[in-house]
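Text of upload_19.cif (mmCIF, C-alpha atoms and all ligand atoms) as supplied:
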data_coords
#
loop_
_atom_site.label_atom_id
_atom_site.label_comp_id
_atom_site.auth_asym_id
_atom_site.auth_seq_id
_atom_site.Cartn_x
_atom_site.Cartn_y
_atom_site.Cartn_z
CA MET A 438 0.00 0.00 0.00
CA ASN A 439 2.78 2.45 0.81
CA ASP A 440 3.92 2.54 -2.82
CA VAL A 441 0.38 3.47 -3.75
CA LEU A 442 0.25 6.22 -1.14
CA GLU A 443 3.66 7.47 -2.32
CA SER A 444 2.50 7.66 -5.92
CA LEU A 445 -0.68 9.51 -4.88
CA LEU A 446 1.39 11.94 -2.81
CA ALA A 447 3.80 12.43 -5.70
CA ARG A 448 0.82 13.34 -7.85
CA VAL A 449 -0.24 15.99 -5.32
CA GLU A 450 3.30 17.34 -5.05
CA THR A 451 4.05 17.50 -8.77
CA GLU A 452 0.72 18.54 -10.24
CA GLN A 453 -3.00 18.73 -9.71
CA SER A 454 -5.65 17.27 -11.97
CA SER A 455 -5.88 19.08 -15.28
CA PRO A 456 -7.87 22.32 -14.96
CA ARG A 457 -10.80 21.02 -17.01
CA ASN A 458 -11.60 18.66 -14.11
CA VAL A 459 -11.33 21.25 -11.35
CA SER A 460 -14.28 23.60 -10.88
CA SER A 461 -13.92 27.07 -9.34
CA TYR A 462 -15.29 25.55 -6.09
CA TRP A 463 -12.48 22.98 -5.90
CA LYS A 464 -9.84 25.45 -7.11
CA HIS A 465 -10.69 27.46 -4.01
CA TYR A 466 -11.23 24.67 -1.46
CA GLY A 467 -8.56 22.42 -3.01
CA SER A 468 -5.98 25.16 -2.32
CA LEU A 469 -7.14 25.26 1.33
CA THR A 470 -7.04 21.45 1.68
CA GLU A 471 -3.79 20.38 3.33
CA VAL A 472 -2.02 17.19 2.30
CA LYS A 473 1.56 17.04 3.51
CA ARG A 474 4.14 15.00 5.34
CA VAL A 475 5.58 16.42 8.54
CA HIS A 476 8.50 14.40 9.98
CA GLY A 477 7.30 11.40 7.98
CA ARG A 478 3.73 11.69 9.29
CA LEU A 479 0.83 12.35 6.98
CA VAL A 480 -1.07 15.55 7.82
CA LEU A 481 -4.50 15.80 6.19
CA ARG A 482 -6.88 18.74 6.65
CA ALA A 483 -10.00 18.90 4.52
CA ALA A 484 -11.70 22.10 3.35
CA GLY A 485 -14.95 22.50 1.44
CA MET A 486 -16.42 19.29 2.84
CA ASP A 487 -17.26 17.72 6.18
CA PRO A 488 -15.13 14.63 6.70
CA VAL A 489 -16.10 11.94 9.22
CA ARG A 490 -14.07 13.14 12.21
CA PRO A 491 -13.62 12.50 15.93
CA GLN A 492 -16.25 13.95 18.29
CA GLY A 493 -16.45 14.99 21.92
CA PRO A 494 -19.18 14.16 24.49
CA VAL A 495 -21.43 17.13 23.58
CA GLU A 496 -21.35 16.20 19.93
CA LEU A 497 -22.15 12.60 20.84
CA ILE A 498 -25.46 13.80 22.32
CA VAL A 499 -26.13 16.20 19.46
CA ARG A 500 -25.56 13.44 16.87
CA GLY A 501 -27.80 11.04 18.78
CA LEU A 502 -30.59 13.62 18.64
CA GLU A 503 -29.88 14.19 14.97
CA ARG A 504 -30.30 10.49 14.16
CA TRP A 505 -33.45 10.40 16.32
CA SER A 506 -34.86 13.32 14.27
CA TYR A 507 -34.48 11.12 11.16
CA ARG A 508 -36.03 8.04 12.82
CA ARG A 509 -39.07 7.99 10.51
CA VAL A 510 -36.74 7.99 7.49
CA THR A 511 -34.37 5.27 8.68
CA ALA A 512 -37.28 3.11 9.91
CA ARG A 513 -38.17 2.67 6.23
CA TYR A 514 -34.71 1.25 5.39
CA ARG A 515 -34.67 -2.47 6.27
CA HIS A 516 -30.89 -2.58 6.08
CA PHE A 517 -30.24 0.50 8.20
CA PRO A 518 -29.65 -1.34 11.53
CA LYS A 519 -27.13 -3.68 9.89
CA VAL A 520 -25.36 -0.94 7.91
CA TRP A 521 -25.24 1.34 10.95
CA ARG A 522 -23.67 -1.46 13.04
CA GLU A 523 -20.98 -1.83 10.36
CA ALA A 524 -20.55 1.95 10.26
CA LEU A 525 -20.04 2.10 14.04
CA GLY A 526 -17.45 -0.69 13.78
CA LEU A 527 -15.64 1.22 11.03
CA ILE A 528 -15.84 4.47 13.03
CA ARG A 529 -14.20 2.66 15.98
CA THR A 530 -11.46 1.20 13.75
CA LEU A 531 -10.73 4.64 12.31
CA GLY A 532 -10.97 6.42 15.69
CA LEU A 533 -13.65 8.78 14.38
CA GLY A 534 -17.10 9.91 15.52
CA ALA A 535 -20.64 9.08 14.43
CA THR A 536 -21.07 12.40 12.62
CA TYR A 537 -23.90 13.53 10.35
CA ASN A 538 -21.77 12.52 7.36
CA ALA A 539 -21.37 8.96 8.67
CA PHE A 540 -25.15 8.83 9.19
CA LYS A 541 -25.88 10.25 5.73
CA LEU A 542 -23.57 7.80 3.95
CA SER A 543 -24.96 4.88 5.99
CA SER A 544 -28.49 5.90 4.99
CA ALA A 545 -27.43 5.96 1.33
CA LEU A 546 -25.96 2.47 1.55
CA SER A 547 -29.04 1.14 3.41
CA LEU A 548 -31.34 2.49 0.71
CA LEU A 549 -29.17 0.83 -1.96
CA ALA A 550 -29.02 -2.47 -0.06
CA ASP A 551 -32.84 -2.52 0.13
CA HIS A 552 -33.01 -1.89 -3.61
CA TRP A 553 -30.46 -4.62 -4.45
CA GLU A 554 -32.45 -7.09 -2.36
CA GLU A 555 -35.76 -6.14 -4.01
CA HIS A 556 -34.21 -6.56 -7.48
CA SER A 557 -32.09 -9.64 -6.62
CA LEU A 558 -28.90 -7.75 -7.49
CA LYS A 559 -25.46 -8.68 -6.19
CA PRO A 560 -23.24 -5.72 -7.12
CA ARG A 561 -19.52 -6.41 -7.00
CA THR A 562 -17.76 -3.59 -8.85
CA PHE A 563 -18.34 -0.02 -7.67
CA TYR A 564 -17.37 3.32 -9.16
CA LEU A 565 -17.28 5.92 -6.38
CA ILE A 566 -17.01 9.38 -7.89
CA GLY A 567 -16.04 12.06 -5.34
CA ASP A 568 -16.09 9.94 -2.16
CA GLY A 569 -14.43 12.67 -0.06
CA ASP A 570 -12.52 11.05 2.80
CA GLY A 571 -13.40 7.53 1.59
CA PHE A 572 -15.79 6.61 4.40
CA LEU A 573 -18.50 5.29 2.07
CA GLY A 574 -16.00 3.17 0.13
CA ALA A 575 -14.63 1.66 3.35
CA LEU A 576 -18.18 0.98 4.55
CA ILE A 577 -19.08 -0.73 1.26
CA ARG A 578 -16.00 -2.95 1.64
CA ARG A 579 -17.31 -4.07 5.04
CA PHE A 580 -20.88 -4.52 3.91
CA VAL A 581 -20.35 -6.14 0.50
CA PRO A 582 -17.71 -8.86 0.87
CA GLY A 583 -15.26 -8.88 -2.04
CA ALA A 584 -16.42 -5.51 -3.39
CA ARG A 585 -14.07 -4.06 -6.00
CA LEU A 586 -13.81 -0.29 -5.76
CA TYR A 587 -12.78 2.34 -8.26
CA CYS A 588 -12.37 5.54 -6.22
CA ILE A 589 -12.32 8.46 -8.64
CA ASP A 590 -11.39 11.84 -7.19
CA LEU A 591 -9.06 14.82 -7.33
CA ALA A 592 -5.42 14.23 -6.35
CA LYS A 593 -5.56 15.51 -2.78
CA MET A 594 -8.77 13.70 -1.89
CA LEU A 595 -7.37 10.42 -3.21
CA VAL A 596 -4.72 10.67 -0.48
CA PHE A 597 -7.50 11.04 2.15
CA GLN A 598 -9.24 8.01 0.66
CA ALA A 599 -6.08 5.92 0.52
CA ASN A 600 -5.38 6.81 4.15
CA THR A 601 -8.90 5.75 5.20
CA HIS A 602 -8.82 2.48 3.26
CA MET A 603 -5.31 1.66 4.44
CA ARG A 604 -6.36 2.11 8.08
CA ALA A 605 -9.67 0.31 7.61
CA GLU A 606 -8.12 -2.78 6.02
CA PRO A 607 -4.33 -2.70 5.77
CA ARG A 608 -4.22 -6.11 4.07
CA ALA A 609 -6.41 -5.23 1.08
CA ARG A 610 -4.78 -4.92 -2.37
CA PHE A 611 -4.61 -1.34 -3.62
CA THR A 612 -3.48 0.29 -6.82
CA ALA A 613 -3.23 3.84 -8.15
CA VAL A 614 -4.38 4.75 -11.64
CA THR A 615 -2.82 8.18 -11.84
CA GLY A 616 -1.15 8.42 -15.19
CA GLY A 617 1.99 6.55 -16.13
CA ALA A 618 2.10 4.59 -12.84
CA LYS A 619 2.05 0.80 -13.15
CA THR A 620 -1.28 -0.56 -11.95
CA ASP A 621 -2.09 -3.89 -10.32
CA PRO A 622 -5.00 -5.48 -12.20
CA ALA A 623 -5.68 -7.88 -9.30
CA ALA A 624 -6.18 -4.99 -6.86
CA GLU A 625 -9.47 -4.70 -4.99
CA ILE A 626 -9.31 -0.93 -4.47
CA HIS A 627 -8.24 1.34 -7.33
CA PHE A 628 -7.54 5.05 -6.85
CA VAL A 629 -8.24 6.85 -10.09
CA SER A 630 -7.53 10.47 -10.97
CA PRO A 631 -10.24 12.21 -13.04
CA ASP A 632 -7.78 12.46 -15.95
CA GLU A 633 -7.45 8.66 -16.00
CA ALA A 634 -11.13 7.84 -15.51
CA ASP A 635 -11.73 7.73 -19.26
CA SER A 636 -9.31 4.79 -19.49
CA LEU A 637 -11.40 2.54 -17.18
CA THR A 638 -12.75 -0.57 -18.84
CA GLU A 639 -14.02 -2.84 -16.05
CA ALA A 640 -17.82 -2.82 -16.07
CA PHE A 641 -19.32 -1.43 -12.86
CA ASP A 642 -22.46 -2.70 -11.14
CA CYS A 643 -23.06 0.34 -8.99
CA ALA A 644 -21.80 3.91 -9.33
CA ILE A 645 -22.35 6.46 -6.58
CA ASN A 646 -21.99 10.23 -6.56
CA ILE A 647 -23.02 12.11 -3.42
CA ALA A 648 -22.72 15.90 -2.95
CA SER A 649 -20.05 16.01 -5.60
CA MET A 650 -21.37 16.63 -9.13
CA GLN A 651 -23.03 19.72 -7.64
CA GLU A 652 -19.52 21.15 -7.29
CA MET A 653 -18.08 20.08 -10.65
CA ASN A 654 -17.82 21.82 -14.01
CA HIS A 655 -20.60 20.86 -16.37
CA GLU A 656 -17.91 19.45 -18.68
CA SER A 657 -16.74 17.01 -15.95
CA ILE A 658 -20.33 15.90 -15.31
CA VAL A 659 -20.82 15.22 -19.01
CA ARG A 660 -17.58 13.18 -19.10
CA TYR A 661 -18.64 11.08 -16.10
CA PHE A 662 -22.06 10.36 -17.60
CA HIS A 663 -20.31 9.29 -20.80
CA LEU A 664 -18.02 7.00 -18.78
CA LEU A 665 -20.96 5.49 -16.87
CA ARG A 666 -22.99 4.91 -20.03
CA ARG A 667 -19.95 3.21 -21.59
CA THR A 668 -18.95 0.99 -18.68
CA GLY A 669 -22.21 0.11 -16.87
CA SER A 670 -22.95 -3.63 -16.59
CA ARG A 671 -26.35 -4.81 -17.89
CA ASP A 672 -28.02 -4.46 -14.47
CA HIS A 673 -25.97 -1.52 -13.22
CA ARG A 674 -27.33 1.25 -11.04
CA PHE A 675 -26.21 4.85 -10.72
CA TYR A 676 -27.13 6.54 -7.43
CA CYS A 677 -26.82 10.31 -7.70
CA VAL A 678 -27.49 12.60 -4.70
CA ASN A 679 -26.89 16.26 -5.32
CA ARG A 680 -28.19 19.78 -4.81
CA VAL A 681 -31.01 20.83 -7.15
CA GLU A 682 -28.96 23.91 -7.97
CA LYS A 683 -25.67 25.33 -6.78
CA THR A 684 -23.80 28.47 -7.79
CA LEU A 685 -20.04 27.96 -7.71
CA PRO A 686 -17.62 30.74 -6.74
CA GLY A 687 -16.79 31.35 -10.43
CA GLY A 688 -20.47 32.07 -11.15
CA GLU A 689 -21.27 28.74 -12.90
CA VAL A 690 -24.71 27.45 -11.92
CA ILE A 691 -24.85 23.64 -11.72
CA ARG A 692 -28.35 22.17 -11.93
CA PHE A 693 -29.22 18.51 -11.23
CA HIS A 694 -31.92 18.44 -13.90
CA GLU A 695 -29.45 19.70 -16.50
CA TYR A 696 -27.07 16.73 -16.00
CA PRO A 697 -27.09 14.72 -19.24
CA TRP A 698 -29.92 12.35 -18.20
CA ARG A 699 -31.78 10.75 -21.08
CA GLY A 700 -35.38 9.79 -21.61
CA GLN A 701 -34.27 6.16 -22.12
CA ASP A 702 -32.68 5.95 -18.64
CA GLN A 703 -34.64 3.65 -16.36
CA VAL A 704 -35.40 5.56 -13.16
CA PHE A 705 -36.16 3.60 -9.97
CA MET A 706 -36.20 6.44 -7.46
CA ASP A 707 -36.33 10.18 -7.90
CA GLY A 708 -37.08 13.19 -5.71
CA PRO A 709 -36.07 14.97 -2.51
CA CYS A 710 -33.49 13.02 -0.53
CA PRO A 711 -35.17 12.26 2.83
CA TYR A 712 -32.04 11.65 4.92
CA TYR A 713 -30.37 14.83 3.65
CA ALA A 714 -32.59 17.66 4.85
CA HIS A 715 -31.21 19.09 8.11
CA PHE A 716 -28.36 18.67 10.57
CA TYR A 717 -27.64 19.74 14.13
CA SER A 718 -24.84 22.07 14.92
CA ARG A 719 -23.78 23.66 18.19
CA GLN A 720 -24.61 27.00 16.61
CA THR A 721 -27.68 28.00 14.70
CA LEU A 722 -25.85 28.91 11.50
CA ALA A 723 -26.74 32.01 9.54
CA ARG A 724 -26.79 30.08 6.27
CA GLY A 725 -29.72 28.11 4.94
CA PRO A 726 -33.37 29.10 5.04
CA ARG A 727 -34.09 31.01 8.23
CA TRP A 728 -37.29 29.08 8.88
CA GLY A 729 -37.80 25.35 9.07
CA PRO A 730 -40.80 23.39 7.86
CA TRP A 731 -42.65 24.27 11.10
CA GLY A 732 -42.62 27.98 10.31
CA PHE A 733 -40.16 28.87 13.09
CA ARG A 734 -36.45 28.40 13.59
CA VAL A 735 -35.47 25.66 16.06
CA PRO A 736 -32.14 26.47 17.78
CA PHE A 737 -29.23 24.29 16.61
CA VAL A 738 -31.20 22.80 13.69
CA ASN A 739 -29.69 23.87 10.38
CA TYR A 740 -30.77 23.33 6.81
CA PHE A 741 -28.63 22.86 3.76
CA ASP A 742 -28.27 25.84 1.45
CA GLY A 743 -30.57 24.26 -1.11
CA GLU A 744 -32.69 21.16 -1.60
CA MET A 745 -30.86 17.83 -2.00
CA VAL A 746 -32.42 15.38 -4.44
CA HIS A 747 -31.56 11.80 -5.28
CA ARG A 748 -32.08 9.63 -8.32
CA LEU A 749 -31.40 5.91 -8.68
CA ALA A 750 -31.23 4.95 -12.33
CA SER A 751 -29.90 2.52 -14.86
CA LEU A 752 -28.34 4.67 -17.58
CA ALA A 753 -29.07 3.92 -21.21
CA PRO A 754 -25.86 2.77 -22.93
CA LEU A 755 -24.12 4.95 -25.52
CA PRO A 756 -25.77 4.69 -28.93
C1 LIG A 801 -18.39 17.83 -0.73
S1 LIG A 801 -17.34 16.49 -1.10
C2 LIG A 801 -18.47 15.13 -0.91
C3 LIG A 801 -17.80 13.93 -0.35
C4 LIG A 801 -18.72 12.73 -0.07
N1 LIG A 801 -19.29 12.22 -1.30
C5 LIG A 801 -19.80 13.08 0.91
O1 LIG A 801 -20.96 13.16 0.53
O2 LIG A 801 -19.48 13.27 2.08
C6 LIG A 801 -17.14 16.56 -2.90
C7 LIG A 801 -16.16 15.54 -3.44
O3 LIG A 801 -16.15 15.64 -4.87
C8 LIG A 801 -14.79 15.61 -5.30
N2 LIG A 801 -14.61 16.17 -6.65
C9 LIG A 801 -14.61 17.47 -7.04
N3 LIG A 801 -14.37 17.57 -8.37
C10 LIG A 801 -14.21 16.30 -8.83
C11 LIG A 801 -13.95 15.71 -10.12
N4 LIG A 801 -13.80 16.46 -11.22
N5 LIG A 801 -13.87 14.36 -10.20
C12 LIG A 801 -14.03 13.57 -9.11
N6 LIG A 801 -14.29 14.07 -7.88
C13 LIG A 801 -14.38 15.41 -7.73
C14 LIG A 801 -14.08 16.38 -4.21
O4 LIG A 801 -12.68 16.22 -4.23
C15 LIG A 801 -14.75 15.75 -2.97
O5 LIG A 801 -14.17 14.51 -2.65
#

Written as structure tokens, how would this file's structure read?
Amino acid sequence: MNDVLESLLARVETEQSSPRNVSSYWKHYGSLTEVKRVHGRLVLRAAGMDPVRPQGPVELIVRGLERWSYRRVTARYRHFPKVWREALGLIRTLGLGATYNAFKLSSALSLLADHWEEHSLKPRTFYLIGDGDGFLGALIRRFVPGARLYCIDLAKMLVFQANTHMRAEPRARFTAVTGGAKTDPAAEIHFVSPDEADSLTEAFDCAINIASMQEMNHESIVRYFHLLRRTGSRDHRFYCVNRVEKTLPGGEVIRFHEYPWRGQDQVFMDGPCPYYAHFYSRQTLARGPRWGPWGFRVPFVNYFDGEMVHRLASLAPLP
């Protein structure tokens, strides 16, 4: 694994992903994200996203209340108790806390697991586009034995993901697909830079993009849809959870309904994302709508800056 980490770090040190893959949002937050070695130790500090991180006793209570506030949503997911148990085990292994992000990603996997069961699907190969700190990928590896992962992300975030996967299961086989580097075809977890994603050939059974296309250039979104239409297995699924609309710092407006969906795509689920509506914070943040659905503002309950929607689809192949 260390060779893989070294090659991912070298990628960060020598160059970033080509500008066409980096939106104004990630130009800004990518420059604030710290990935460095200090006295041989890896120092990682994320910006522009909320990684799964350690928590103190107050947050423990706050997060418990947060999960309780979503109880009607999670009660509908048959697999939630099992996925959440796995998530708590992973959180312990990684020395992190049961944050909103861990809850959100567990809800996403529970919803998918219910769907796979209903449709007798046994997904094995996953494309994870923009998995942030890699928590979802590591959770999938625990929940789906033998899952093969392609983790596609910008250079700095691939180091976060490699660090998470390496700590979650040091004995797994990893490889980096970052341009020029020799890859291990027998690897179970592949770290892929956006520039190399077009070279992927292994058919995927499930692709997931959460809170990530909303922050990409339209051109990158179009390229990923092209990749997914080219490489999806016959019964593949694409689970896409993103903001209805988001304005990036450079002024680009990214709209979910303007992603290159097609009329021939088979849609299994579509609409507001029920586990992604509010979160608790020790402050009542200024951002987000000032009033909740009850018509008044509840202290510490915060809303996202815009509505999150999700769609589970099988994409029509390229003509
Ligand atoms: C807000 S984070 C979301 C992380 C995680 N999916 C979650 O929901 O917690 C957005 C992620 O998208 C990634 N990203 C941004 N531009 C990308 C691109 N062109 N290709 C792949 N990933 C990208 C970022 O590096 C980051 O990992």

Report task. Give as a ChimeraX atom specification the residues surrounding ligand LIG 801 (chain A) up to a distance of 7 Å, considering all atoms listed in the file. Result -> /A:458-460,463,485-488,538,542,566-570,589-591,594,631,646-650,652-653,657

Query raised in the report: Which neighbours of stretch 672-674 of chain A fall inside 9 Å, counting all atoms listed in the file, when residues of the same chain fewer than 6 positions from it are skipped, and could you give them as a ChimeraX atom specification?
Result: /A:558,560,640-645,749-752

For the residues in the current selection, export C-alpha atoms as an mmCIF file, keeping the file's coordinate frame.
data_model
loop_
_atom_site.group_PDB
_atom_site.id
_atom_site.type_symbol
_atom_site.label_atom_id
_atom_site.label_comp_id
_atom_site.auth_asym_id
_atom_site.auth_seq_id
_atom_site.Cartn_x
_atom_site.Cartn_y
_atom_site.Cartn_z
ATOM 1 C CA LEU A 558 -28.900 -7.750 -7.490
ATOM 2 C CA PRO A 560 -23.240 -5.720 -7.120
ATOM 3 C CA ALA A 640 -17.820 -2.820 -16.070
ATOM 4 C CA PHE A 641 -19.320 -1.430 -12.860
ATOM 5 C CA ASP A 642 -22.460 -2.700 -11.140
ATOM 6 C CA CYS A 643 -23.060 0.340 -8.990
ATOM 7 C CA ALA A 644 -21.800 3.910 -9.330
ATOM 8 C CA ILE A 645 -22.350 6.460 -6.580
ATOM 9 C CA LEU A 749 -31.400 5.910 -8.680
ATOM 10 C CA ALA A 750 -31.230 4.950 -12.330
ATOM 11 C CA SER A 751 -29.900 2.520 -14.860
ATOM 12 C CA LEU A 752 -28.340 4.670 -17.580
#

Query raised in the report: So which residues touch A:Ala512 within 12 Å, counting all atoms listed in the file, skipping near sequence neighbours fewer than 4 positions away, as a PyMOL selection string?
Result: chain A and resi 504-508+516-518+544+547-548+711-712

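When all atoms listed in the file are used to compute distances to A:Gln492, the closest of the residues A:Ala539, A:Ala524, A:Leu446, A:Leu549 turns out to be A:Ala539.
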
Requested in this report: Name the closest residue to A:Asp635 among the candidates A:His663, A:Arg513, A:Arg610, A:Arg748; distances are taken between atoms, counting all atoms listed in the file.
Outcome: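 Between A:His663, A:Arg513, A:Arg610, A:Arg748, the residue approaching A:Asp635 most closely is A:His663.
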
**Report entry** Spatial neighbours of A:Ala623, max dist 12 Å, only C-alpha atoms, sep filter under 5 positions, as number ranges by chain
**Finding:** A: 585-586, 609-612, 639

Query raised in the report: Quick one, how far is atom CA of A:Asn439 from atom CA of A:Ala584?
Result: 21.2 Å

Report summary line: Counting all atoms listed in the file, closest pick from A:Leu685, A:Gly534, A:Phe716, A:Ser444 relative to A:Pro494 is A:Gly534

Which residues, written as a CSV table (one decimal) with C-alpha atoms, keeping the file's coordinate frame, have at least one atom at most 8 Å from stretch 498-501 of chain A, with all atoms listed in the file counted and residues fewer than 3 positions away on the same chain left out?
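Result went into result-v7.csv, see below:
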chain,number,residue,atom,x,y,z
A,494,PRO,CA,-19.2,14.2,24.5
A,495,VAL,CA,-21.4,17.1,23.6
A,504,ARG,CA,-30.3,10.5,14.2
A,505,TRP,CA,-33.4,10.4,16.3
A,535,ALA,CA,-20.6,9.1,14.4
A,536,THR,CA,-21.1,12.4,12.6
A,537,TYR,CA,-23.9,13.5,10.4
A,717,TYR,CA,-27.6,19.7,14.1
A,718,SER,CA,-24.8,22.1,14.9
A,719,ARG,CA,-23.8,23.7,18.2

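Distances to A:Ser468 were evaluated for A:Leu525, A:Val678, A:Ala592, A:Met706 using all atoms listed in the file, and the minimum falls at A:Ala592.
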
Query raised in the report: How many Å lie between atom CA of A:Thr530 and atom CA of A:Gly571, rounded to one decimal?
Result: 13.8 Å

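One distance worth recording is that between atom CA of A:Val480 and atom CA of A:Ile626, which is 22.1 Å.
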
Can you tell me which residues surround A:Glu744 at a distance of at most 9 Å, considering only C-alpha atoms, apart from same-chain residues fewer than 5 positions away, and format the answer as a compact mmCIF listing (two decimals) with C-alpha atoms, in the frame of the given file?
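Final output, out.txt:
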# COMPACT_ATOMS: atom_id res chain seq x y z
CA ASN A 679 -26.89 16.26 -5.32
CA ARG A 680 -28.19 19.78 -4.81
CA VAL A 681 -31.01 20.83 -7.15
CA GLU A 682 -28.96 23.91 -7.97
CA PRO A 709 -36.07 14.97 -2.51
CA CYS A 710 -33.49 13.02 -0.53
CA TYR A 713 -30.37 14.83 3.65
CA ALA A 714 -32.59 17.66 4.85

**Report entry** Among listed residues A:Phe597, A:Gly688, A:Val520, A:Val738, nearest A:Thr470 (using all atoms listed in the file)
**Finding:**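 Closest to A:Thr470 of all the choices is A:Phe597.
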
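Comparing A:His715, A:Arg515, A:His655, A:Arg490 by their smallest distance to A:Tyr696, the closest is A:His655 (using only C-alpha atoms).
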
Report task. Using all atoms listed in the file, collect all residues at a distance of at most 9 Å from (-0.5, 13.1, -7.1) as written in the file, then present them as a PyMOL selection string. Result -> chain A and resi 443-454+591-593+595-596+615+630

Pull the neighbourhood of (-15.3, 4.8, -17.4) for me: all residues within 9 Å in file coordinates, counting all atoms listed in the file, as a PDB file with C-alpha atoms, in the coordinates of the input.
ATOM      1  CA  TYR A 564     -17.370   3.320  -9.160  1.00  0.00           C
ATOM      2  CA  GLU A 633      -7.450   8.660 -16.000  1.00  0.00           C
ATOM      3  CA  ALA A 634     -11.130   7.840 -15.510  1.00  0.00           C
ATOM      4  CA  ASP A 635     -11.730   7.730 -19.260  1.00  0.00           C
ATOM      5  CA  SER A 636      -9.310   4.790 -19.490  1.00  0.00           C
ATOM      6  CA  LEU A 637     -11.400   2.540 -17.180  1.00  0.00           C
ATOM      7  CA  THR A 638     -12.750  -0.570 -18.840  1.00  0.00           C
ATOM      8  CA  GLU A 639     -14.020  -2.840 -16.050  1.00  0.00           C
ATOM      9  CA  ALA A 640     -17.820  -2.820 -16.070  1.00  0.00           C
ATOM     10  CA  PHE A 641     -19.320  -1.430 -12.860  1.00  0.00           C
ATOM     11  CA  ARG A 660     -17.580  13.180 -19.100  1.00  0.00           C
ATOM     12  CA  TYR A 661     -18.640  11.080 -16.100  1.00  0.00           C
ATOM     13  CA  PHE A 662     -22.060  10.360 -17.600  1.00  0.00           C
ATOM     14  CA  HIS A 663     -20.310   9.290 -20.800  1.00  0.00           C
ATOM     15  CA  LEU A 664     -18.020   7.000 -18.780  1.00  0.00           C
ATOM     16  CA  LEU A 665     -20.960   5.490 -16.870  1.00  0.00           C
ATOM     17  CA  ARG A 666     -22.990   4.910 -20.030  1.00  0.00           C
ATOM     18  CA  ARG A 667     -19.950   3.210 -21.590  1.00  0.00           C
ATOM     19  CA  THR A 668     -18.950   0.990 -18.680  1.00  0.00           C
ATOM     20  CA  GLY A 669     -22.210   0.110 -16.870  1.00  0.00           C
TER      21      GLY A 669
END

Kindly list the centre and edge lengths in Å, rounded to one decimal, for the axis-aligned box that covers all listed atoms of stretch 514-521 of chain A plus 3 Å on each of its six sides, as AutoDock Vina command-line options.
--center_x -30.0 --center_y -1.2 --center_z 8.5 --size_x 15.5 --size_y 11.0 --size_z 12.1
